[in-house]
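Q: Below is the structure I would like to discuss, written out as structure tokens.
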Amino acid sequence: MPLKVIGTGFGRTGTDSMRTALNMLGFGPTHHMLEIIEHPAQRERWQALALGGAADWEHLFEGYAACVDWPSAYYWRELVDLYPDARVL
């Protein structure tokens, strides 16, 4: 599923509230740093990228339609290029 919304804001800037709003408005599920904390598979995927692995965005965002907060905010430029039809916040 391609991302429909890409959040570019850093953590501690209201991203959890944005995640909640996007989910309520039907743009979710939304990937947030909390997903990495709560789901070990997510942590392993992102850790592999941080250690120099290839960016397999479809795999990293499998099951998500939007992303906000870290670590996706770090890669917002790549994500905007990859998903040109996504709304960017």
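Following the order of the structure tokens, chains are lettered A, B, ..., residues in each are numbered from 1, and ligands are numbered from 1.
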List every residue of region 3-34 of chain A that has an atom at most 9 Å from any atom of region 68-86 of chain A, giving for each one its closest atom pair and the distance in Å to one decimal, counting only C-alpha atoms, sorted by chain and then by ascending residue number, as a Markdown table.

A:
| residue | atom | partner | partner_atom | distance |
| --- | --- | --- | --- | --- |
| A:Leu3 | CA | A:Ala86 | CA | 6.2 |
| A:Lys4 | CA | A:Ala86 | CA | 4.4 |
| A:Val5 | CA | A:Ala86 | CA | 5.1 |
| A:Ile6 | CA | A:Val68 | CA | 6.4 |
| A:Gly7 | CA | A:Val68 | CA | 4.3 |
| A:Thr8 | CA | A:Ala73 | CA | 4.8 |
| A:Gly9 | CA | A:Ala73 | CA | 6.2 |
| A:Phe10 | CA | A:Asp69 | CA | 5.4 |
| A:Gly11 | CA | A:Asp69 | CA | 5.0 |
| A:Arg12 | CA | A:Asp69 | CA | 8.2 |
| A:Thr13 | CA | A:Asp69 | CA | 8.5 |
| A:Gly14 | CA | A:Asp69 | CA | 8.9 |
| A:Thr15 | CA | A:Asp69 | CA | 5.7 |
| A:Asp16 | CA | A:Asp69 | CA | 7.9 |
| A:Met18 | CA | A:Val68 | CA | 7.6 |
| A:Arg19 | CA | A:Val68 | CA | 6.7 |
| A:Thr30 | CA | A:Val68 | CA | 7.1 |
| A:His31 | CA | A:Val68 | CA | 6.2 |
| A:His32 | CA | A:Val68 | CA | 5.3 |
| A:Met33 | CA | A:Trp70 | CA | 5.4 |

Q: Just the residues within 7 Å of region 55-61 of chain A, please, counting only C-alpha atoms, with nothing from its chain fewer than 3 positions along; format it as a tab-separated table (two decimals) with N, CA and C atoms, in the first residue's frame.

A:
chain	number	residue	atom	x	y	z
A	45	ARG	N	13.50	-3.89	11.43
A	45	ARG	CA	13.52	-3.35	10.07
A	45	ARG	C	14.23	-2.00	10.02
A	49	LEU	N	18.07	-0.64	8.44
A	49	LEU	CA	18.28	0.54	7.58
A	49	LEU	C	19.32	1.47	8.20
A	64	TYR	N	0.84	0.28	6.52
A	64	TYR	CA	0.62	1.66	6.91
A	64	TYR	C	0.29	2.51	5.68

Q: Rounded to one decimal, what separation in Å do you get between CA of Asn23 (chain A) and CA of Ala66 (chain A)?

A: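 Rounded to one decimal, the two atoms are 8.8 Å apart.
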
Q: Among the residues of region 10-89 of chain A, find those DSSP assigns to alpha helix (DSSP H) from the backbone and print them as an MDAnalysis selection string.

A: chainID A and resid 15:24 33:38 40:50 57:60 76:82

Q: Which residue is closest to Gly63 (chain A)? Choose from A:Ser17, A:Glu44, A:Phe27, A:Met1 and count only C-alpha atoms.

A: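 Looking at the shortest contact to Gly63 (chain A), the residue is A:Met1.
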
Q: Got a sec to tell me which of chain A DSSP assigns to strand (DSSP E), as a list in words?

A: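 These are the residues in question: Val5, Ile6, Thr30, His31, Ala66, Cys67, Arg87 and Val88 of chain A.
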
Q: Of the candidates A:Ala50, A:Leu89, A:Pro2, A:Ile37, which shows the shortest atom-to-atom distance to Ala65 (chain A), using only C-alpha atoms?

A: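 Checking each of A:Ala50, A:Leu89, A:Pro2, A:Ile37 against Ala65 (chain A), counting only C-alpha atoms, the winner is A:Pro2.
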
Q: How far is it from CA of Cys67 (chain A) to CA of Met24 (chain A), in Å with one decimal?

A: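 Between CA of Cys67 (chain A) and CA of Met24 (chain A) the gap works out to 14.1 Å.
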
Q: So how far away is CA of Gln42 (chain A) from CA of Gly28 (chain A), in Å?

A: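 Result for CA of Gly28 (chain A) versus CA of Gln42 (chain A): 16.6 Å, one decimal.
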
Q: Would you please work out which residue, of A:Ala41, A:Glu62, A:Gln47, A:Val88, is nearest to Pro29 (chain A) when using only C-alpha atoms?

A: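 Once distances to Pro29 (chain A) are computed over only C-alpha atoms, the minimum belongs to A:Glu62.
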